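These notes concern the structure reproduced below.
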Protein chains: 2
Amino acid sequence: MTLEEIARLAGVSRSTVSRVINGDRRVSDAARARVQDVVRRHNYHPNAAARSLASRRTRVLGLLISQAVGNLFTDPFYPILIQGTADACNAAGYTLTMLMDTSDDGSAVEQLYQRVIRGRHVDGLILACHAVDDPIVPLLEADRIPFVLVGRHPGAAVSFVDIDSRSAAREAVAHLLGHGYRRIGMICGPPHLIAAIDRHAGYVTALQEAAIPPDPSCVLFADFRQRGGYDAMRQMLASPARLPDAIFAASDALAIGAITALQEAGLRVPEDVAVMGFDGMEAGANLQPPLSTVFQPVADLGREAVRIVLATIDDPERIPVQHFLPTRLTLRRSCGCEPSEVSDQEGGVAAEPALSVA
Amino acid sequence: MTLEEIARLAGVSRSTVSRVINGDRRVSDAARARVQDVVRRHNYHPNAAARSLASRRTRVLGLLISQAVGNLFTDPFYPILIQGTADACNAAGYTLTMLMDTSDDGSAVEQLYQRVIRGRHVDGLILACHAVDDPIVPLLEADRIPFVLVGRHPGAAVSFVDIDSRSAAREAVAHLLGHGYRRIGMICGPPHLIAAIDRHAGYVTALQEAAIPPDPSCVLFADFRQRGGYDAMRQMLASPARLPDAIFAASDALAIGAITALQEAGLRVPEDVAVMGFDGMEAGANLQPPLSTVFQPVADLGREAVRIVLATIDDPERIPVQHFLPTRLTLRRSCGCEPSEVSDQEGGVAAEPALSVA
DNA sequence: AAGAGTCGTGGGAGCGCTCCCACGCTCTCG
DNA sequence: CGAGAGCGTGGGAGCGCTCCCACGACTCTT
């Protein structure tokens with residue numbers, strides 16, 4: 001079933017059918033009705049390839065996830081990001097394709113780039129988890145591909161959506177200080193990721209504002225996974241004299257790993273060491289103790305990214321926009337808050353709306 | 001940069017360049033070398049839309065996830081499935097597009113189907129999380145779209161990959177019986193999902209083999225989320241006299257919810273009530289106590305699905321194939337096993353290879 | 001030595017759309 | 001009342017490939 005056939009059946013020209021399909025207003029009501037009727041009766045849908053070839057638009061967006069596979073799905077950041085972007089794409093009539101580097105060494109991304117980007121498979125790109133100096137950014141600029149980063153890019157004039165990691169971290173650490181903890185350690189993410197750098201900066205700022213000199217020996221860098229948090233915590237536990245009374249972890253996964261190590265060592269959370277996470281993933285709510293954390297609106301990040309990249313496709317000359325979405329400090333028990341004072345409105349087992357259990 | 005230009009620069013015809021690009025052997029070595037040189041020098045990649053239009057092949061595979069959004073990413077089944085399919089697609093030179101129903105009521109899937117499937121945006125489809133009577137299966141058959149299910153489809157002659165949920169559940173429950181538990185409850189998934197039905201059937205079989213009459217009051221149905229496990233466990237706790245001494249949960253998320261409820265009630269796992277999960281997700285390894293579970297190779301399920309759908313694209317007449325991938329009982333502490341006898345080789349914090357912590 | 005294959009090559013046709021221009025009609029206004 | 005503008009419409013050209021057929025130059029057969 002092609003445009004031409006629909007045209008024949010509706011007694012109009014190819015052009016008129018095309019106009020109806022594409023919502024062009026310059027079609028008489030009678031013609032439009034006839035065409036729509038035939039389209040509906042034959043369940044016609046235009047061929048995507050032909051459309052793309054003629055219009056030089058694919059109506060496809062790519063979501064590029066370039067981090068090495070292993071780290072990807074230990075926390076739900078990426079899944080929720082995928083969900084948010086897919087949602088916004090659906091709403092806009094776009095298709096979402098996954099460009100996922102499934103190699104261990106980042107070699108797949110090069111191949112994907114060539115085939116998908118240069119093959120004009122997508123109209124625009126959403127980049128997730130880029131390092132500070134991700135070489136793909138200048139490539140995209142050179143190829144003039146509309147794109148948006150999820151996670152800020154320092155310096156360069158590129159569009160991005162992000163949370164204000166630094167302020168959020170500062171607020172979280174200030175909350176720990178409010179509980180009276182003075183020796184606050186941090187388990188940080190990999191220092192080549194901006195999010196990790198920003199969260200660390202926020203931590204330092206909060207300490208300085210409380211007139212507490214930051215102790216570099218209290219800060220350990222790991223990847224964002226549970227294992228990293230576990231190892232880092234074990235390392236801190238190896239010097240009991242220098243053990244912090246609270247830990248600010250740069251991700252919930254790190255926090256969970258740290259809590260595991262603490263509990264294995266016979267320490268109580270938060271009584272002996274308080275823990276604050278970062279991300280607001282559901283798993284933290286079901287921990288013992290429930291994890292205090294900084295909630296970031298990941299799905300909204302994805303939706304906003306789609307909005308921006310679509311706007312850039314429409315107007316490639318538009319100046320880059322940079323959006324920061326709000327975070328929310330989600331207080332549960334691991335930071336030392338009492339159940340009565342927790343602010344958790346979502347995510348936790350006990351706080352969720354009831355589901356039927358047959 | 002088009003085929004024609006490459007041809008001109010290499011001093012050959014369009015056809016010859018096309019042959020080189022597509023690996024046709026009937027090109028002289030000299031011509032091939034010249035073309036490859038020009039292609040490389042100009043970083044030429046063929047236009048995907050033009051290729052698709054002319055060849056009637058898009059080299060795109062769709063991954064359709066039709067479950068309502070809320071349930072999607074509380075456990076890492078889908079993320080890992082995405083990763084496995086993306087990996088296999090990369091390897092085969094295919095692109096993966098996400099067809100994700102992000103509506104609450106399943107309405108988006110209809111729209112996606114029309115636009116993407118009928119618009120011939122994909123060559124084939126991988127269906128994840130289909131219900132017993134998913135109406136999309138007959139639709140796909142009618143439209144003659146190559147597809148494969150992840151999760152078996154009873155009765156119909158369609159291709160699928162799955163694990164043998166029933167045998168795996170039977171083995172898991174048999175293990176609990178081996179610990180001496182006699183009153184084993186089950187928290188089951190939604191009964192419209194085949195995986196839930198199969199796991200329940202395996203549970204019943206194991207009990208029957210041990211000459212224990214299954215007690216329907218010991219079986220509760222929930223969704224696959226933590227909240228469902230929590231609610232179900234609370235319901236069981238409401239009748240202390242009938243409390244099981246072990247719980248077989250149809251997913252790790254359910255198991256985690258159940259453990260939370262048990263611990264909130266002041267009960268010890270596994271001393272008072274043992275718990276066995278199903279999935280083998282990483283989070284379970286970092287629980288207190290670490291969760292015993294049935295590991296299923298989700299990424300391999302995705303890879304195998306891609307393999308099957310590609311074979312079906314090559315030969316649409318081939319008879320449907322049905323692959324069952326092996327599971328592995330992963331014993332940790334929650335079922336009553338001692339640390340010394342655990343079989344965990346992967347996933348757990350303590351069992352992972354060391355990572356550098358700076 | 002003539003016919004039948006094989007091999008490398010070139011070019012025409014066409015995939016199913018969109019985009020642009022042209023055409024005829026009606027309406028407005030000087 | 002005739003020029004100009006606007007509207008709905010149709011058709012040609014072309015997007016960048018693949019596929020098929022044709023063709024010449026070989027080699028192999030009998």
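Going by the structure tokens order, chains are called A, B, ..., each with residues numbered from 1, while ligands are numbered from 1 in the order shown.
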- Task: Find the residues around DT26 (chain C) up to 12 Å (only C-alpha atoms (C1' of nucleotides) counted), leave out those fewer than 6 positions away in its own chain, and share them as a PyMOL selection string.
- Result: chain D and resi 5-8
- Message: Based on only C-alpha atoms (C1' of nucleotides), which of the residues in chain A come within 7 Å of chain C? I want them as a PyMOL selection string.
- Response: chain A and resi 2+47+50-51+54-55
Would you save the residues of that selection, restricted to C-alpha atoms, as a compact mmCIF listing (two decimals), in the first residue's frame?
```txt
# COMPACT_ATOMS: atom_id res chain seq x y z
CA THR A 2 1.59 3.24 -1.17
CA ASN A 47 7.02 4.05 4.49
CA ALA A 50 10.95 6.66 1.59
CA ARG A 51 9.93 9.51 3.80
CA ALA A 54 12.81 12.42 0.38
CA SER A 55 12.57 14.69 3.38
```
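Applying a distance limit of 10 Å to only C-alpha atoms (C1' of nucleotides), the residues of chain D near chain B read DC15, DG16, DC17, DT18 and DC19 of chain D.
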Let me see the file: selected residues, C-alpha atoms (C1' of nucleotides), as a short mmCIF file (atom, residue, chain, number, x, y, z; two decimals), in the first residue's frame.
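Just written: result-v5.cif:
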```cif
data_model
loop_
_atom_site.label_atom_id
_atom_site.label_comp_id
_atom_site.auth_asym_id
_atom_site.auth_seq_id
_atom_site.Cartn_x
_atom_site.Cartn_y
_atom_site.Cartn_z
"C1'" DC D 15 16.32 11.85 -2.63
"C1'" DG D 16 20.67 7.79 -2.72
"C1'" DC D 17 20.67 3.61 -2.92
"C1'" DT D 18 19.88 -1.80 -4.84
"C1'" DC D 19 18.69 -4.92 -8.20
#
```
- Message: Could you tell me how far CA of Arg303 (chain B) sits from CA of Leu81 (chain B), in Å to one decimal place?
- Response: 8.3 Å
- Would you kindly return, as a PyMOL selection string, each protein, DNA or RNA residue with an atom no farther than 10 Å from any atom of Arg166 (chain A), considering only C-alpha atoms (C1' of nucleotides) and excluding same-chain residues fewer than 6 positions away? chain A and resi 172+195-206
- Which residues in region 147-283 of chain B does DSSP call alpha helix (DSSP H)? List them as number ranges by chain. B: 165-178, 194-209, 226-237, 252-264, 282-283
- Task: With a distance cut-off of 8 Å and only C-alpha atoms (C1' of nucleotides), select the neighbouring residues of Pro326 (chain B), excluding the residue or stretch itself and same-chain residues fewer than 5 positions from it, and output the selection as a list in words.
- Result: Ile163, Asp164, Gln296 and Pro297 of chain B
- Message: Can you measure CA of Val27 (chain A) to C1' of DG2 (chain D) for me? One decimal in Å is fine.
- Response: 28.4 Å
- Message: List as a PyMOL selection string the protein and nucleic acid residues near Val20 (chain B), meaning an atom at most 9 Å away when only C-alpha atoms (C1' of nucleotides) are counted, but skip any in the same chain fewer than 5 places from it.
- Response: chain B and resi 15+25-27+31-32+35-36
Write to file, as a PDB file, in the first residue's frame, the residues of the selection just made, with N, CA and C atoms.
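Dumped everything to part-v1.pdb:
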```pdb
ATOM      1  N   SER B  15      27.595   0.780  -9.498  1.00  0.00           N
ATOM      2  CA  SER B  15      27.369  -0.628  -9.176  1.00  0.00           C
ATOM      3  C   SER B  15      28.570  -1.244  -8.487  1.00  0.00           C
ATOM      4  N   ARG B  25      31.628 -10.471  -3.856  1.00  0.00           N
ATOM      5  CA  ARG B  25      32.968 -10.939  -4.202  1.00  0.00           C
ATOM      6  C   ARG B  25      33.318 -10.673  -5.667  1.00  0.00           C
ATOM      7  N   ARG B  26      32.332 -10.396  -6.460  1.00  0.00           N
ATOM      8  CA  ARG B  26      32.605 -10.304  -7.888  1.00  0.00           C
ATOM      9  C   ARG B  26      33.097  -8.923  -8.293  1.00  0.00           C
ATOM     10  N   VAL B  27      34.190  -8.539  -7.679  1.00  0.00           N
ATOM     11  CA  VAL B  27      34.843  -7.271  -8.008  1.00  0.00           C
ATOM     12  C   VAL B  27      36.341  -7.574  -8.078  1.00  0.00           C
ATOM     13  N   ALA B  31      39.949  -2.892  -8.477  1.00  0.00           N
ATOM     14  CA  ALA B  31      38.805  -1.990  -8.307  1.00  0.00           C
ATOM     15  C   ALA B  31      38.427  -1.897  -6.834  1.00  0.00           C
ATOM     16  N   ARG B  32      38.410  -3.028  -6.171  1.00  0.00           N
ATOM     17  CA  ARG B  32      38.035  -3.032  -4.756  1.00  0.00           C
ATOM     18  C   ARG B  32      38.966  -2.135  -3.960  1.00  0.00           C
ATOM     19  N   VAL B  35      38.306   1.564  -4.605  1.00  0.00           N
ATOM     20  CA  VAL B  35      37.063   2.010  -3.963  1.00  0.00           C
ATOM     21  C   VAL B  35      37.245   2.127  -2.457  1.00  0.00           C
ATOM     22  N   GLN B  36      37.815   1.102  -1.861  1.00  0.00           N
ATOM     23  CA  GLN B  36      37.988   1.138  -0.407  1.00  0.00           C
ATOM     24  C   GLN B  36      38.838   2.322   0.013  1.00  0.00           C
TER      25      GLN B  36
END
```
- How far is it from CA of Glu209 (chain A) to CA of His179 (chain A), in Å with one decimal? 15.3 Å
- Residue with smallest distance to chain A - pool B:Pro79, B:Pro191, B:Gly280, B:Pro270, counting only C-alpha atoms: B:Pro79
- Message: Could you pull out the strand (DSSP E) residues of region 59-162 of chain B, going by DSSP on the backbone, and write them as a ChimeraX atom specification?
- Response: /B:60-65,95-100,124-128,147-150,160-162
Suppose we keep N, CA and C atoms; can you now write the selection as a CSV table (one decimal), in the first residue's frame?
```
chain,number,residue,atom,x,y,z
B,60,VAL,N,17.4,-2.7,11.0
B,60,VAL,CA,17.0,-2.2,12.4
B,60,VAL,C,16.1,-3.3,13.0
B,61,LEU,N,16.4,-3.5,14.3
B,61,LEU,CA,15.6,-4.5,15.0
B,61,LEU,C,14.8,-3.7,16.1
B,62,GLY,N,13.6,-4.0,16.4
B,62,GLY,CA,12.9,-3.4,17.5
B,62,GLY,C,12.8,-4.2,18.7
B,63,LEU,N,12.9,-3.6,19.9
B,63,LEU,CA,12.7,-4.3,21.1
B,63,LEU,C,11.5,-3.7,21.7
B,64,LEU,N,10.4,-4.5,21.8
B,64,LEU,CA,9.2,-4.0,22.3
B,64,LEU,C,9.0,-4.4,23.7
B,65,ILE,N,8.8,-3.4,24.5
B,65,ILE,CA,8.6,-3.6,26.0
B,65,ILE,C,7.2,-3.1,26.3
B,95,THR,N,20.9,-2.0,14.1
B,95,THR,CA,20.6,-1.0,15.1
B,95,THR,C,19.4,-1.4,15.9
B,96,LEU,N,19.4,-1.0,17.1
B,96,LEU,CA,18.3,-1.5,18.0
B,96,LEU,C,17.4,-0.3,18.3
B,97,THR,N,16.1,-0.4,18.0
B,97,THR,CA,15.2,0.7,18.5
B,97,THR,C,14.3,0.2,19.5
B,98,MET,N,14.0,1.1,20.4
B,98,MET,CA,13.2,0.8,21.6
B,98,MET,C,11.8,1.1,21.3
B,99,LEU,N,10.9,0.2,21.4
B,99,LEU,CA,9.5,0.4,21.4
B,99,LEU,C,9.0,0.2,22.8
B,100,MET,N,8.8,1.3,23.5
B,100,MET,CA,8.5,1.1,24.9
B,100,MET,C,7.1,1.7,25.1
B,124,GLY,N,12.6,-6.7,12.1
B,124,GLY,CA,12.1,-7.7,13.0
B,124,GLY,C,11.9,-7.2,14.4
B,125,LEU,N,11.4,-8.0,15.2
B,125,LEU,CA,10.9,-7.6,16.5
B,125,LEU,C,11.3,-8.6,17.6
B,126,ILE,N,11.7,-8.1,18.7
B,126,ILE,CA,11.9,-8.9,19.9
B,126,ILE,C,10.9,-8.4,20.9
B,127,LEU,N,10.1,-9.3,21.4
B,127,LEU,CA,9.0,-9.0,22.3
B,127,LEU,C,9.3,-9.4,23.7
B,128,ALA,N,9.4,-8.4,24.6
B,128,ALA,CA,9.7,-8.7,26.0
B,128,ALA,C,8.4,-8.6,26.8
B,147,PHE,N,9.6,-12.2,14.2
B,147,PHE,CA,9.6,-11.8,15.6
B,147,PHE,C,10.0,-13.0,16.5
B,148,VAL,N,10.4,-12.7,17.7
B,148,VAL,CA,10.8,-13.7,18.6
B,148,VAL,C,10.4,-13.2,20.0
B,149,LEU,N,9.9,-14.1,20.8
B,149,LEU,CA,9.4,-13.7,22.2
B,149,LEU,C,10.6,-14.0,23.2
B,150,VAL,N,10.7,-13.1,24.1
B,150,VAL,CA,11.5,-13.5,25.3
B,150,VAL,C,10.5,-13.9,26.4
B,160,PHE,N,10.7,-18.5,20.4
B,160,PHE,CA,10.9,-17.8,21.7
B,160,PHE,C,12.2,-18.3,22.3
B,161,VAL,N,12.8,-17.5,23.2
B,161,VAL,CA,13.8,-17.9,24.1
B,161,VAL,C,13.3,-17.7,25.5
B,162,ASP,N,13.7,-18.6,26.4
B,162,ASP,CA,13.2,-18.5,27.7
B,162,ASP,C,14.2,-19.3,28.6
```
